Structure formats: C-alpha cells, structure tokens
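File shown: target-v5.pdb (PDB, C-alpha atoms and all ligand atoms).
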ATOM      1  CA  MET A1477       3.312  -0.622  50.982
ATOM      2  CA  ASP A1478       2.791   2.955  52.104
ATOM      3  CA  SER A1479       6.493   3.266  51.568
ATOM      4  CA  LYS A1480       8.838   4.846  54.027
ATOM      5  CA  ILE A1481      11.798   4.314  51.688
ATOM      6  CA  ASN A1482      13.279   7.614  50.542
ATOM      7  CA  GLY A1483      16.103   6.624  48.189
ATOM      8  CA  LEU A1484      19.403   4.802  48.485
ATOM      9  CA  HIS A1485      21.300   4.620  51.770
ATOM     10  CA  HIS A1486      24.626   3.069  50.712
ATOM     11  CA  VAL A1487      26.227   0.783  48.156
ATOM     12  CA  THR A1488      28.732  -1.828  49.383
ATOM     13  CA  SER A1489      31.345  -3.369  47.113
ATOM     14  CA  ILE A1490      34.427  -5.578  47.192
ATOM     15  CA  ALA A1491      37.974  -4.276  46.760
ATOM     16  CA  SER A1492      41.375  -5.910  46.431
ATOM     17  CA  SER A1493      43.433  -3.262  48.275
ATOM     18  CA  ALA A1494      42.427  -1.064  51.213
ATOM     19  CA  GLN A1495      45.087   1.541  50.434
ATOM     20  CA  ALA A1496      44.262   1.847  46.717
ATOM     21  CA  ASN A1497      40.568   1.970  47.592
ATOM     22  CA  SER A1498      40.964   4.727  50.176
ATOM     23  CA  ASP A1499      43.220   6.753  47.857
ATOM     24  CA  PHE A1500      40.749   6.517  44.984
ATOM     25  CA  PHE A1501      37.646   7.607  46.840
ATOM     26  CA  THR A1502      39.299  10.381  48.844
ATOM     27  CA  LYS A1503      42.068  11.722  46.599
ATOM     28  CA  THR A1504      40.568  11.049  43.168
ATOM     29  CA  LEU A1505      36.795  11.379  43.725
ATOM     30  CA  GLY A1506      37.171  13.816  46.623
ATOM     31  CA  LEU A1507      34.795  12.045  49.017
ATOM     32  CA  ARG A1508      35.308  12.058  52.766
ATOM     33  CA  ARG A1509      36.226   8.802  54.454
ATOM     34  CA  VAL A1510      33.580   8.844  57.174
ATOM     35  CA  LYS A1511      34.354   5.530  58.877
ATOM     36  CA  LYS A1512      37.251   3.131  59.163
ATOM     37  CA  THR A1513      35.963  -0.013  60.806
ATOM     38  CA  VAL A1514      35.873  -3.764  60.139
ATOM     39  CA  ASN A1515      33.376  -6.091  58.537
ATOM     40  CA  PHE A1516      31.285  -6.916  61.620
ATOM     41  CA  ASP A1517      30.766 -10.476  60.295
ATOM     42  CA  ALA A1518      34.474 -10.979  59.425
ATOM     43  CA  PRO A1519      36.557  -8.618  61.592
ATOM     44  CA  ASP A1520      39.851  -9.481  59.878
ATOM     45  CA  THR A1521      38.618  -7.323  56.963
ATOM     46  CA  TYR A1522      38.199  -3.565  56.861
ATOM     47  CA  HIS A1523      34.864  -1.916  56.195
ATOM     48  CA  LEU A1524      35.596   1.515  54.727
ATOM     49  CA  TYR A1525      32.880   4.150  54.226
ATOM     50  CA  TYR A1526      33.107   7.240  51.985
ATOM     51  CA  GLY A1527      30.535   9.993  51.528
ATOM     52  CA  ASP A1528      29.708  13.614  52.234
ATOM     53  CA  ALA A1529      30.713  15.439  55.416
ATOM     54  CA  ALA A1530      28.434  13.413  57.673
ATOM     55  CA  GLY A1531      28.023  10.256  55.608
ATOM     56  CA  THR A1532      24.432  11.236  54.897
ATOM     57  CA  PRO A1533      22.249   8.385  53.596
ATOM     58  CA  GLY A1534      22.293   8.510  49.804
ATOM     59  CA  SER A1535      25.958   9.531  49.688
ATOM     60  CA  VAL A1536      27.743   6.534  51.192
ATOM     61  CA  MET A1537      29.930   4.181  49.133
ATOM     62  CA  THR A1538      31.375   1.400  51.281
ATOM     63  CA  TYR A1539      33.949  -1.342  50.705
ATOM     64  CA  PHE A1540      35.150  -4.640  52.034
ATOM     65  CA  PRO A1541      38.779  -4.869  50.891
ATOM     66  CA  PHE A1542      39.616  -8.591  50.813
ATOM     67  CA  ARG A1543      43.359  -9.070  50.469
ATOM     68  CA  GLY A1544      44.107 -11.246  47.442
ATOM     69  CA  VAL A1545      40.495 -11.594  46.301
ATOM     70  CA  GLY A1546      40.066 -12.517  42.623
ATOM     71  CA  GLN A1547      38.593 -10.154  40.091
ATOM     72  CA  GLY A1548      34.793 -10.235  39.807
ATOM     73  CA  ARG A1549      33.168 -11.117  36.500
ATOM     74  CA  PRO A1550      30.388  -8.717  35.490
ATOM     75  CA  GLY A1551      27.034 -10.277  34.683
ATOM     76  CA  THR A1552      23.421 -10.382  35.726
ATOM     77  CA  GLY A1553      22.059 -10.424  39.262
ATOM     78  CA  GLU A1554      24.133  -7.503  40.460
ATOM     79  CA  VAL A1555      24.443  -3.737  40.498
ATOM     80  CA  GLY A1556      26.186  -2.845  37.232
ATOM     81  CA  THR A1557      26.731   0.903  37.532
ATOM     82  CA  THR A1558      26.620   3.171  40.563
ATOM     83  CA  LEU A1559      25.816   6.764  39.646
ATOM     84  CA  PHE A1560      27.149   9.805  41.480
ATOM     85  CA  SER A1561      25.443  13.188  41.175
ATOM     86  CA  VAL A1562      27.623  16.157  40.176
ATOM     87  CA  PRO A1563      26.611  19.750  39.353
ATOM     88  CA  GLU A1564      25.631  20.774  35.842
ATOM     89  CA  GLY A1565      28.651  21.917  33.857
ATOM     90  CA  SER A1566      31.192  19.981  35.946
ATOM     91  CA  LEU A1567      31.825  16.985  33.658
ATOM     92  CA  GLY A1568      34.642  18.754  31.810
ATOM     93  CA  TYR A1569      36.452  19.264  35.103
ATOM     94  CA  TRP A1570      35.906  15.659  36.073
ATOM     95  CA  LYS A1571      37.057  14.271  32.741
ATOM     96  CA  GLN A1572      40.302  16.175  33.012
ATOM     97  CA  ARG A1573      40.800  15.279  36.679
ATOM     98  CA  LEU A1574      40.125  11.558  36.229
ATOM     99  CA  ALA A1575      42.191  11.307  33.027
ATOM    100  CA  GLY A1576      45.051  13.139  34.749
ATOM    101  CA  GLN A1577      45.039  10.529  37.533
ATOM    102  CA  GLY A1578      45.078   7.593  35.118
ATOM    103  CA  VAL A1579      41.463   6.525  35.664
ATOM    104  CA  THR A1580      40.338   4.129  32.919
ATOM    105  CA  GLY A1581      37.039   3.545  31.145
ATOM    106  CA  LEU A1582      36.245   7.233  30.629
ATOM    107  CA  ALA A1583      33.304   7.630  28.230
ATOM    108  CA  GLU A1584      30.731  10.392  27.891
ATOM    109  CA  GLU A1585      27.120   9.540  27.134
ATOM    110  CA  THR A1586      23.605  10.858  27.654
ATOM    111  CA  ARG A1587      21.002   8.664  29.370
ATOM    112  CA  PHE A1588      17.471   9.677  30.321
ATOM    113  CA  GLY A1589      18.373  13.252  29.404
ATOM    114  CA  GLU A1590      21.365  13.318  31.769
ATOM    115  CA  ARG A1591      24.938  13.875  30.639
ATOM    116  CA  ARG A1592      27.231  11.419  32.297
ATOM    117  CA  LEU A1593      30.843  10.335  32.395
ATOM    118  CA  ARG A1594      31.462   6.648  32.880
ATOM    119  CA  PHE A1595      34.656   5.572  34.638
ATOM    120  CA  ASP A1596      36.192   2.482  36.200
ATOM    121  CA  GLY A1597      36.734   2.245  39.935
ATOM    122  CA  PRO A1598      40.032   0.918  41.340
ATOM    123  CA  ASP A1599      39.045  -2.707  40.633
ATOM    124  CA  GLY A1600      37.167  -2.022  37.401
ATOM    125  CA  ASP A1601      33.969  -1.153  39.320
ATOM    126  CA  GLY A1602      31.250   0.352  37.115
ATOM    127  CA  PHE A1603      30.697   4.017  37.968
ATOM    128  CA  ALA A1604      29.418   7.174  36.313
ATOM    129  CA  LEU A1605      29.195  10.821  37.274
ATOM    130  CA  ALA A1606      25.855  12.257  36.150
ATOM    131  CA  GLU A1607      25.092  15.975  35.870
ATOM    132  CA  ILE A1608      21.908  16.451  37.904
ATOM    133  CA  ALA A1609      20.137  19.823  37.821
ATOM    134  CA  GLY A1610      18.964  21.250  41.111
ATOM    135  CA  ASP A1611      20.698  18.795  43.446
ATOM    136  CA  THR A1612      21.059  21.036  46.497
ATOM    137  CA  ARG A1613      22.995  18.557  48.651
ATOM    138  CA  PRO A1614      26.344  20.033  49.722
ATOM    139  CA  GLY A1615      29.328  18.048  48.505
ATOM    140  CA  TRP A1616      32.432  17.417  50.600
ATOM    141  CA  THR A1617      35.187  19.884  49.679
ATOM    142  CA  GLY A1618      37.836  18.719  52.159
ATOM    143  CA  ASN A1619      39.886  16.868  49.540
ATOM    144  CA  GLY A1620      40.554  19.689  47.090
ATOM    145  CA  VAL A1621      37.461  19.487  44.881
ATOM    146  CA  SER A1622      35.602  22.815  44.835
ATOM    147  CA  GLY A1623      31.976  23.229  45.841
ATOM    148  CA  ASP A1624      31.121  23.913  42.175
ATOM    149  CA  ASP A1625      32.296  20.445  41.156
ATOM    150  CA  ALA A1626      32.069  18.200  44.235
ATOM    151  CA  VAL A1627      30.113  14.955  44.213
ATOM    152  CA  ARG A1628      26.726  15.530  45.894
ATOM    153  CA  GLY A1629      26.067  11.894  46.686
ATOM    154  CA  PHE A1630      24.545   9.146  44.585
ATOM    155  CA  SER A1631      21.929   9.910  41.972
ATOM    156  CA  GLY A1632      21.082   6.222  41.703
ATOM    157  CA  ALA A1633      22.214   2.816  40.579
ATOM    158  CA  SER A1634      21.658   0.439  37.685
ATOM    159  CA  LEU A1635      20.930  -3.272  38.185
ATOM    160  CA  ARG A1636      21.721  -5.904  35.527
ATOM    161  CA  LEU A1637      19.051  -8.587  35.325
ATOM    162  CA  ARG A1638      18.064 -11.483  33.061
ATOM    163  CA  ASP A1639      14.410 -10.535  33.531
ATOM    164  CA  GLY A1640      13.322  -7.229  35.029
ATOM    165  CA  ARG A1641       9.641  -7.853  35.678
ATOM    166  CA  ALA A1642       9.684  -9.163  39.246
ATOM    167  CA  THR A1643      12.304  -6.653  40.375
ATOM    168  CA  GLY A1644      10.301  -3.856  38.734
ATOM    169  CA  GLU A1645       7.224  -4.940  40.661
ATOM    170  CA  LEU A1646       9.260  -5.033  43.856
ATOM    171  CA  LEU A1647      10.546  -1.491  43.271
ATOM    172  CA  GLU A1648       6.979  -0.265  42.719
ATOM    173  CA  PHE A1649       5.991  -2.027  45.924
ATOM    174  CA  MET A1650       8.846  -0.163  47.648
ATOM    175  CA  GLY A1651       7.415   3.162  46.454
ATOM    176  CA  TYR A1652       9.277   3.665  43.161
ATOM    177  CA  ARG A1653       7.502   4.774  40.008
ATOM    178  CA  ARG A1654       8.398   3.572  36.502
ATOM    179  CA  LEU A1655       9.532   6.627  34.546
ATOM    180  CA  ALA A1656      10.837   5.655  31.107
ATOM    181  CA  THR A1657      12.587   3.009  29.022
ATOM    182  CA  GLU A1658      15.631   3.606  26.812
ATOM    183  CA  GLY A1659      16.828   0.518  24.951
ATOM    184  CA  ASP A1660      17.360  -2.294  27.494
ATOM    185  CA  VAL A1661      17.104   0.036  30.498
ATOM    186  CA  THR A1662      13.975   1.037  32.443
ATOM    187  CA  ARG A1663      14.233   3.839  34.979
ATOM    188  CA  TYR A1664      12.370   3.853  38.277
ATOM    189  CA  ALA A1665      12.396   6.823  40.655
ATOM    190  CA  ILE A1666      11.171   7.741  44.079
ATOM    191  CA  GLU A1667       9.437  11.097  44.429
ATOM    192  CA  GLY A1668      10.590  13.485  47.115
ATOM    193  CA  GLY A1669      13.582  11.277  47.869
ATOM    194  CA  ASN A1670      16.951  12.076  49.405
ATOM    195  CA  GLY A1671      18.624  12.788  46.045
ATOM    196  CA  ALA A1672      19.737   9.187  45.400
ATOM    197  CA  ASN A1673      16.365   8.703  43.773
ATOM    198  CA  THR A1674      16.699   6.469  40.726
ATOM    199  CA  VAL A1675      17.079   2.752  40.131
ATOM    200  CA  ASP A1676      17.599   1.576  36.558
ATOM    201  CA  LEU A1677      16.910  -1.995  35.497
ATOM    202  CA  GLU A1678      19.039  -3.174  32.579
ATOM    203  CA  VAL A1679      17.568  -6.362  31.132
ATOM    204  CA  LEU A1680      20.046  -8.709  29.443
ATOM    205  CA  PRO A1681      18.235 -12.018  28.835
ATOM    206  CA  GLY A1682      21.206 -13.846  27.298
ATOM    207  CA  ALA A1683      23.919 -12.685  29.688
ATOM    208  CA  ASP A1684      25.698 -14.923  32.205
ATOM    209  CA  ARG A1685      25.270 -14.494  35.913
ATOM    210  CA  ALA A1686      27.882 -12.335  37.601
ATOM    211  CA  LEU A1687      30.678 -13.891  39.649
ATOM    212  CA  GLN A1688      31.375 -11.824  42.726
ATOM    213  CA  GLY A1689      34.923 -10.581  43.328
ATOM    214  CA  ALA A1690      36.985  -7.411  43.369
ATOM    215  CA  GLY A1691      35.068  -4.616  41.659
ATOM    216  CA  SER A1692      31.660  -6.228  42.278
ATOM    217  CA  VAL A1693      28.881  -4.650  44.286
ATOM    218  CA  HIS A1694      28.061  -6.860  47.273
ATOM    219  CA  HIS A1695      24.681  -5.270  48.083
ATOM    220  CA  ILE A1696      22.680  -2.095  47.712
ATOM    221  CA  ALA A1697      20.937  -0.455  50.664
ATOM    222  CA  PHE A1698      17.786   1.670  50.678
ATOM    223  CA  SER A1699      17.143   4.332  53.289
ATOM    224  CA  VAL A1700      14.367   4.682  55.839
ATOM    225  CA  PRO A1701      14.327   7.422  58.497
ATOM    226  CA  ASP A1702      14.164   5.270  61.618
ATOM    227  CA  ARG A1703      13.567   1.875  63.181
ATOM    228  CA  ALA A1704       9.783   2.243  63.246
ATOM    229  CA  ALA A1705       9.717   2.804  59.475
ATOM    230  CA  GLN A1706      12.104  -0.109  59.004
ATOM    231  CA  ALA A1707       9.832  -2.398  61.017
ATOM    232  CA  GLU A1708       6.905  -1.421  58.766
ATOM    233  CA  VAL A1709       8.898  -2.094  55.607
ATOM    234  CA  ARG A1710      10.065  -5.433  57.001
ATOM    235  CA  ARG A1711       6.524  -6.498  57.854
ATOM    236  CA  SER A1712       5.217  -5.499  54.401
ATOM    237  CA  LEU A1713       7.977  -7.402  52.631
ATOM    238  CA  MET A1714       7.418 -10.519  54.726
ATOM    239  CA  ASP A1715       3.648 -10.312  54.157
ATOM    240  CA  THR A1716       4.433 -10.360  50.423
ATOM    241  CA  GLY A1717       6.515 -13.511  50.819
ATOM    242  CA  TYR A1718      10.069 -12.150  51.033
ATOM    243  CA  GLN A1719      12.498 -13.815  53.400
ATOM    244  CA  VAL A1720      13.914 -10.907  55.370
ATOM    245  CA  THR A1721      16.628 -11.141  58.039
ATOM    246  CA  PRO A1722      15.971  -9.954  61.582
ATOM    247  CA  VAL A1723      17.063  -6.394  62.337
ATOM    248  CA  ILE A1724      20.856  -6.288  62.713
ATOM    249  CA  ASP A1725      22.705  -3.562  64.633
ATOM    250  CA  ARG A1726      25.461  -2.132  62.412
ATOM    251  CA  ASP A1727      26.379   0.527  65.020
ATOM    252  CA  TYR A1728      25.884   3.435  62.552
ATOM    253  CA  PHE A1729      22.495   2.192  61.279
ATOM    254  CA  TRP A1730      20.119  -0.735  61.705
ATOM    255  CA  ALA A1731      19.949  -3.161  58.788
ATOM    256  CA  ILE A1732      17.667  -5.789  57.298
ATOM    257  CA  TYR A1733      18.549  -7.804  54.190
ATOM    258  CA  PHE A1734      16.655  -9.771  51.584
ATOM    259  CA  ARG A1735      17.476 -11.415  48.244
ATOM    260  CA  THR A1736      15.476 -10.016  45.320
ATOM    261  CA  PRO A1737      13.962 -12.038  42.450
ATOM    262  CA  GLY A1738      16.724 -10.997  40.033
ATOM    263  CA  GLY A1739      19.441 -12.138  42.443
ATOM    264  CA  VAL A1740      20.563  -8.745  43.801
ATOM    265  CA  LEU A1741      20.957  -8.496  47.591
ATOM    266  CA  PHE A1742      18.910  -5.570  48.973
ATOM    267  CA  GLU A1743      19.276  -3.996  52.386
ATOM    268  CA  VAL A1744      17.018  -1.478  54.123
ATOM    269  CA  ALA A1745      18.991   0.716  56.535
ATOM    270  CA  THR A1746      18.011   3.460  58.968
ATOM    271  CA  ALA A1747      19.271   7.048  58.889
ATOM    272  CA  GLU A1748      19.766   6.765  62.667
ATOM    273  CA  PRO A1749      22.041   6.890  64.619
ATOM    274  CA  GLY A1750      24.705   7.999  62.060
ATOM    275  CA  PHE A1751      28.492   7.982  61.812
ATOM    276  CA  ASP A1752      29.188  10.439  64.653
ATOM    277  CA  ARG A1753      27.900   7.858  67.103
ATOM    278  CA  ASP A1754      31.376   6.786  68.251
ATOM    279  CA  GLU A1755      33.724   9.606  67.205
ATOM    280  CA  PRO A1756      33.481  13.396  66.858
ATOM    281  CA  ALA A1757      32.104  14.732  63.562
ATOM    282  CA  GLU A1758      35.331  16.603  62.793
ATOM    283  CA  HIS A1759      37.418  13.394  63.023
ATOM    284  CA  LEU A1760      35.198  10.904  61.204
ATOM    285  CA  GLY A1761      37.053   8.066  59.512
ATOM    286  CA  GLU A1762      40.479   8.723  61.021
ATOM    287  CA  ALA A1763      40.817   6.142  63.808
ATOM    288  CA  LEU A1764      40.031   2.420  63.512
ATOM    289  CA  LYS A1765      36.645   2.007  65.184
ATOM    290  CA  LEU A1766      35.549  -1.445  66.297
ATOM    291  CA  PRO A1767      32.105  -2.594  67.345
ATOM    292  CA  ARG A1768      31.809  -3.515  71.018
ATOM    293  CA  GLN A1769      31.699  -7.241  70.237
ATOM    294  CA  HIS A1770      35.151  -7.125  68.597
ATOM    295  CA  GLU A1771      36.884  -4.558  70.859
ATOM    296  CA  ALA A1772      38.572  -7.343  72.856
ATOM    297  CA  LEU A1773      40.312  -8.450  69.628
ATOM    298  CA  ARG A1774      41.690  -4.963  68.844
ATOM    299  CA  ASP A1775      45.398  -5.859  69.205
ATOM    300  CA  ARG A1776      45.065  -8.854  66.900
ATOM    301  CA  ILE A1777      42.913  -6.988  64.381
ATOM    302  CA  GLU A1778      45.291  -4.026  64.244
ATOM    303  CA  ALA A1779      48.277  -6.330  63.800
ATOM    304  CA  TYR A1780      46.560  -8.182  60.975
ATOM    305  CA  LEU A1781      45.082  -5.321  58.911
ATOM    306  CA  ASP A1782      47.293  -3.463  56.452
ATOM    307  CA  PRO A1783      47.717   0.085  57.742
ATOM    308  CA  ILE A1784      46.157   2.798  55.550
ATOM    309  CA  THR A1785      48.245   5.914  54.910
ATOM    310  CA  ASP A1786      46.222   9.054  54.214
TER     311      ASP A1786
HETATM  312 ZN    ZN A1801      25.049  -2.550  53.842
END
Kindly present the structure from the file in structure tokens form.
Amino acid sequence: MDSKINGLHHVTSIASSAQANSDFFTKTLGLRRVKKTVNFDAPDTYHLYYGDAAGTPGSVMTYFPFRGVGQGRPGTGEVGTTLFSVPEGSLGYWKQRLAGQGVTGLAEETRFGERRLRFDGPDGDGFALAEIAGDTRPGWTGNGVSGDDAVRGFSGASLRLRDGRATGELLEFMGYRRLATEGDVTRYAIEGGNGANTVDLEVLPGADRALQGAGSVHHIAFSVPDRAAQAEVRRSLMDTGYQVTPVIDRDYFWAIYFRTPGGVLFEVATAEPGFDRDEPAEHLGEALKLPRQHEALRDRIEAYLDPITD
C-alpha cells in the first residue's frame, strides 16, 4: 500500500465510572475534554474524548464508561500500554504530580532509548509517559500543567500478542518500518508521522488471551487525512483479504474497522471534519452532544446518564 496512514488517531478504552475517568484525564493528566457525547451504537453510554486543544489526531484518548462493568483481565490480543509524549526533562514533575494524586503503578524505565514513567489509569489501564525529544506539538495547558511539561499527544502504543509475525507484516503493509527489538518487544514506526508514530509489538507466546472489561483498550485507531485516503486504505486492505466494515459516520471523523491477525481491533479514521463540527472551539467538551440519529432521545439519555461535574 502506498500508505496514507500518518500515525495514530485515537485509542478507545473501557471505564467503570464517567466521573472518575473525566477527573483523571483532565485534572490529573491535564488533557482537555474535547467531546462529551454518547456511544453512537449504545446511546445509554457516554463516549468521552480527551486530547489537546482541538483534539488533533494522535492526541485523542477516548472512553466508554460502562456503569458496573467488571474489571478487564490483561492478556494477549489487545493494546497493553498506551504511550503519551512529554517533553524531555519533565518526568520528575510528572512523577511528583502523579504520586501526589495517589496514582498507582509508577515505575521509571528506559525503552528504545526513551525514558518513561509507567502509571495505572483509573481502572488499572496500562499507560506510560515517554520523554520524546523534538516533539513540537503544543500541549493543552488549560488544566494547570505548564507548557514545559504538558502532554503533547500520544507517542505510540504497545500491542500484546501471542505471535507478532502477521501483525508485523500488516503494520509494514500500512506503511510502518521495523526499527528495533528489545527483549520481547519489536518497535515499528511511521516516518514523517503526526507524532504518534510508534507501534510496539510485545510477543508473549504462553500468555492467556485478554478478557475485555474496565481498564481494557477496546480498539486503536490510525489516522488518514481525508475520506479519499481512507477509501484507498480500505480498498488495499480488502484486496489483501481483510474484512473491513463499510465507512461509518462518527460525526467528528469517518471510521472503518477491521480485526487484525493477533486479535486487536484496528480502526482507520479521518482527520476531517474534527471536533468543532457541532460546537465552538472554545467550548469543546462542555455540553452533551448527541448525533442527529439520537437527538430525539435526548431527554431519556440525559435522565439516564450520570451527570459529570467538572
Ligand atoms: Zn474509534
């Protein structure tokens, strides 16, 4: 494929509490909530989006908070760790900030020459902040984290697999290049990407398959500029034998989905039209926005959803 993919678009995970989730990503990590809407396929559930000022592709962490959902069990066939990019020299600040707010799982390590700080998300989600040199993306500073420390967006994500070969071939087909292997982990990267450039494959042949629940990643989305590029990617994947969904309108982007050989659900999403499609840029994420097809249910949806206090 003459790939049009230029990095990650978003990562979508499952949460147990909308309020705890919103507090963590805004007040603890300092991201901007850029959209408060519902799961278009299950409108009795929120879909919350966090990212930089505009929700630029490559910065967007999203959640379905399912009230009362059981805890996920980590394993293979899923995204294990989602990596955020932070400026060089900021890990000390982050360690102190996260520890001070009771965040668990803090551990410093160096991987592929990058210093990183692992931490647990609100449901035990696997995250790390990685110091990335020369990441010029502006971070969101509206939640009290300075521009010298703010999260820039994702740097990448790590997938846990029983066997990495077929997924590695798929990534190369999508335009990624194999960079290096450290222990069980092989790093792939896209050149000239949007900043969320790396995908790591962690191969664990004896591990059990993951059970999805709170703290699990539901799917990982890759970014293409527009619908024409998405149509090309879709055609190439289908020509190679992948079963890809039709193009689905997600209001803020257009989406296609396909299951990868290692079991991880991939999405390819467009950068257009963006999160300011249905509300002004200065008020992103404040009001509950519903897609047209669910607007008639607004009273029932609002009565059912737990309100989120900012
Ligand atoms: Zn998605």
I want to know what sits within 8 Å of Val1675 (chain A), based on only C-alpha atoms, with residues of the same chain fewer than 6 positions away left out; could you give that as a PyMOL selection string?
chain A and resi 1632-1635+1663-1665
For the selection you just gave me, I'd like the residues written to a file as a compact mmCIF listing (two decimals), keeping the file's coordinate frame, keeping C-alpha atoms.
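Final output, saved to result-v4.txt:
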# COMPACT_ATOMS: atom_id res chain seq x y z
CA GLY A 1632 21.08 6.22 41.70
CA ALA A 1633 22.21 2.82 40.58
CA SER A 1634 21.66 0.44 37.68
CA LEU A 1635 20.93 -3.27 38.18
CA ARG A 1663 14.23 3.84 34.98
CA TYR A 1664 12.37 3.85 38.28
CA ALA A 1665 12.40 6.82 40.66
Which polymer residues have any atom within 6 Å of an atom of region 1479-1494 of chain A, counting only C-alpha atoms, with same-chain residues fewer than 5 positions away left out, as an mmCIF file with C-alpha atoms, in the frame of the given file?
data_model
loop_
_atom_site.group_PDB
_atom_site.id
_atom_site.type_symbol
_atom_site.label_atom_id
_atom_site.label_comp_id
_atom_site.auth_asym_id
_atom_site.auth_seq_id
_atom_site.Cartn_x
_atom_site.Cartn_y
_atom_site.Cartn_z
ATOM 1 C CA PRO A 1533 22.249 8.385 53.596
ATOM 2 C CA GLY A 1534 22.293 8.510 49.804
ATOM 3 C CA VAL A 1536 27.743 6.534 51.192
ATOM 4 C CA MET A 1537 29.930 4.181 49.133
ATOM 5 C CA THR A 1538 31.375 1.400 51.281
ATOM 6 C CA TYR A 1539 33.949 -1.342 50.705
ATOM 7 C CA PHE A 1540 35.150 -4.640 52.034
ATOM 8 C CA PRO A 1541 38.779 -4.869 50.891
ATOM 9 C CA PHE A 1542 39.616 -8.591 50.813
ATOM 10 C CA ARG A 1543 43.359 -9.070 50.469
ATOM 11 C CA VAL A 1545 40.495 -11.594 46.301
ATOM 12 C CA MET A 1650 8.846 -0.163 47.648
ATOM 13 C CA GLY A 1651 7.415 3.162 46.454
ATOM 14 C CA GLY A 1669 13.582 11.277 47.869
ATOM 15 C CA ASN A 1670 16.951 12.076 49.405
ATOM 16 C CA ALA A 1672 19.737 9.187 45.400
ATOM 17 C CA ASN A 1673 16.365 8.703 43.773
ATOM 18 C CA ALA A 1690 36.985 -7.411 43.369
ATOM 19 C CA GLY A 1691 35.068 -4.616 41.659
ATOM 20 C CA SER A 1692 31.660 -6.228 42.278
ATOM 21 C CA VAL A 1693 28.881 -4.650 44.286
ATOM 22 C CA HIS A 1694 28.061 -6.860 47.273
ATOM 23 C CA HIS A 1695 24.681 -5.270 48.083
ATOM 24 C CA ILE A 1696 22.680 -2.095 47.712
ATOM 25 C CA ALA A 1697 20.937 -0.455 50.664
ATOM 26 C CA PHE A 1698 17.786 1.670 50.678
ATOM 27 C CA SER A 1699 17.143 4.332 53.289
ATOM 28 C CA VAL A 1700 14.367 4.682 55.839
ATOM 29 C CA ALA A 1705 9.717 2.804 59.475
#
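Coordinates place CA of Arg1509 (chain A) at a distance of 22.4 Å from CA of Ala1575 (chain A).
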For Val1510 (chain A), please output as a PyMOL selection string all residues within 6 Å (counting only C-alpha atoms; exclusion window: fewer than 5 positions along the same chain).
chain A and resi 1525-1526+1531+1760-1761
Choose the residue, out of A:Glu1585, A:Glu1762, A:Asp1625, A:Asp1727, that has the smallest atom-to-atom separation from ligand ZN 1801 (chain A); count only C-alpha atoms and all ligand atoms.
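The answer is A:Asp1727, which sits nearest to ligand ZN 1801 (chain A).
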Here CA of Ala1763 (chain A) and CA of Pro1749 (chain A) stand apart by 18.8 Å
Could region 1747-1762 of chain A be completed with N, CA and C atoms and returned as a PDB file, in the coordinates of the input?
ATOM      1  N   ALA A1747      18.430   5.843  58.852  1.00  0.00           N
ATOM      2  CA  ALA A1747      19.271   7.048  58.889  1.00  0.00           C
ATOM      3  C   ALA A1747      19.860   7.236  60.292  1.00  0.00           C
ATOM      4  N   GLU A1748      19.247   6.636  61.306  1.00  0.00           N
ATOM      5  CA  GLU A1748      19.766   6.765  62.667  1.00  0.00           C
ATOM      6  C   GLU A1748      20.651   5.575  63.007  1.00  0.00           C
ATOM      7  N   PRO A1749      21.642   5.669  63.919  1.00  0.00           N
ATOM      8  CA  PRO A1749      22.041   6.890  64.619  1.00  0.00           C
ATOM      9  C   PRO A1749      23.078   7.726  63.862  1.00  0.00           C
ATOM     10  N   GLY A1750      23.746   7.211  62.836  1.00  0.00           N
ATOM     11  CA  GLY A1750      24.705   7.999  62.060  1.00  0.00           C
ATOM     12  C   GLY A1750      26.149   7.759  62.476  1.00  0.00           C
ATOM     13  N   PHE A1751      27.065   8.311  61.680  1.00  0.00           N
ATOM     14  CA  PHE A1751      28.492   7.982  61.812  1.00  0.00           C
ATOM     15  C   PHE A1751      29.201   8.728  62.939  1.00  0.00           C
ATOM     16  N   ASP A1752      28.545   9.735  63.526  1.00  0.00           N
ATOM     17  CA  ASP A1752      29.188  10.439  64.653  1.00  0.00           C
ATOM     18  C   ASP A1752      28.813   9.788  65.984  1.00  0.00           C
ATOM     19  N   ARG A1753      28.320   8.569  65.899  1.00  0.00           N
ATOM     20  CA  ARG A1753      27.900   7.858  67.103  1.00  0.00           C
ATOM     21  C   ARG A1753      29.090   7.548  68.012  1.00  0.00           C
ATOM     22  N   ASP A1754      30.248   7.232  67.427  1.00  0.00           N
ATOM     23  CA  ASP A1754      31.376   6.786  68.251  1.00  0.00           C
ATOM     24  C   ASP A1754      32.656   7.582  68.041  1.00  0.00           C
ATOM     25  N   GLU A1755      32.560   8.715  67.326  1.00  0.00           N
ATOM     26  CA  GLU A1755      33.724   9.606  67.205  1.00  0.00           C
ATOM     27  C   GLU A1755      33.214  10.980  66.805  1.00  0.00           C
ATOM     28  N   PRO A1756      33.980  12.042  67.137  1.00  0.00           N
ATOM     29  CA  PRO A1756      33.481  13.396  66.858  1.00  0.00           C
ATOM     30  C   PRO A1756      33.363  13.663  65.365  1.00  0.00           C
ATOM     31  N   ALA A1757      32.382  14.462  64.974  1.00  0.00           N
ATOM     32  CA  ALA A1757      32.104  14.732  63.562  1.00  0.00           C
ATOM     33  C   ALA A1757      33.329  15.255  62.824  1.00  0.00           C
ATOM     34  N   GLU A1758      34.179  16.028  63.506  1.00  0.00           N
ATOM     35  CA  GLU A1758      35.331  16.603  62.793  1.00  0.00           C
ATOM     36  C   GLU A1758      36.451  15.580  62.585  1.00  0.00           C
ATOM     37  N   HIS A1759      36.359  14.402  63.187  1.00  0.00           N
ATOM     38  CA  HIS A1759      37.418  13.394  63.023  1.00  0.00           C
ATOM     39  C   HIS A1759      36.889  12.081  62.465  1.00  0.00           C
ATOM     40  N   LEU A1760      35.765  12.142  61.752  1.00  0.00           N
ATOM     41  CA  LEU A1760      35.198  10.904  61.204  1.00  0.00           C
ATOM     42  C   LEU A1760      36.214  10.195  60.317  1.00  0.00           C
ATOM     43  N   GLY A1761      36.290   8.882  60.458  1.00  0.00           N
ATOM     44  CA  GLY A1761      37.053   8.066  59.512  1.00  0.00           C
ATOM     45  C   GLY A1761      38.544   8.034  59.739  1.00  0.00           C
ATOM     46  N   GLU A1762      39.031   8.675  60.808  1.00  0.00           N
ATOM     47  CA  GLU A1762      40.479   8.723  61.021  1.00  0.00           C
ATOM     48  C   GLU A1762      40.978   7.508  61.804  1.00  0.00           C
TER      49      GLU A1762
END
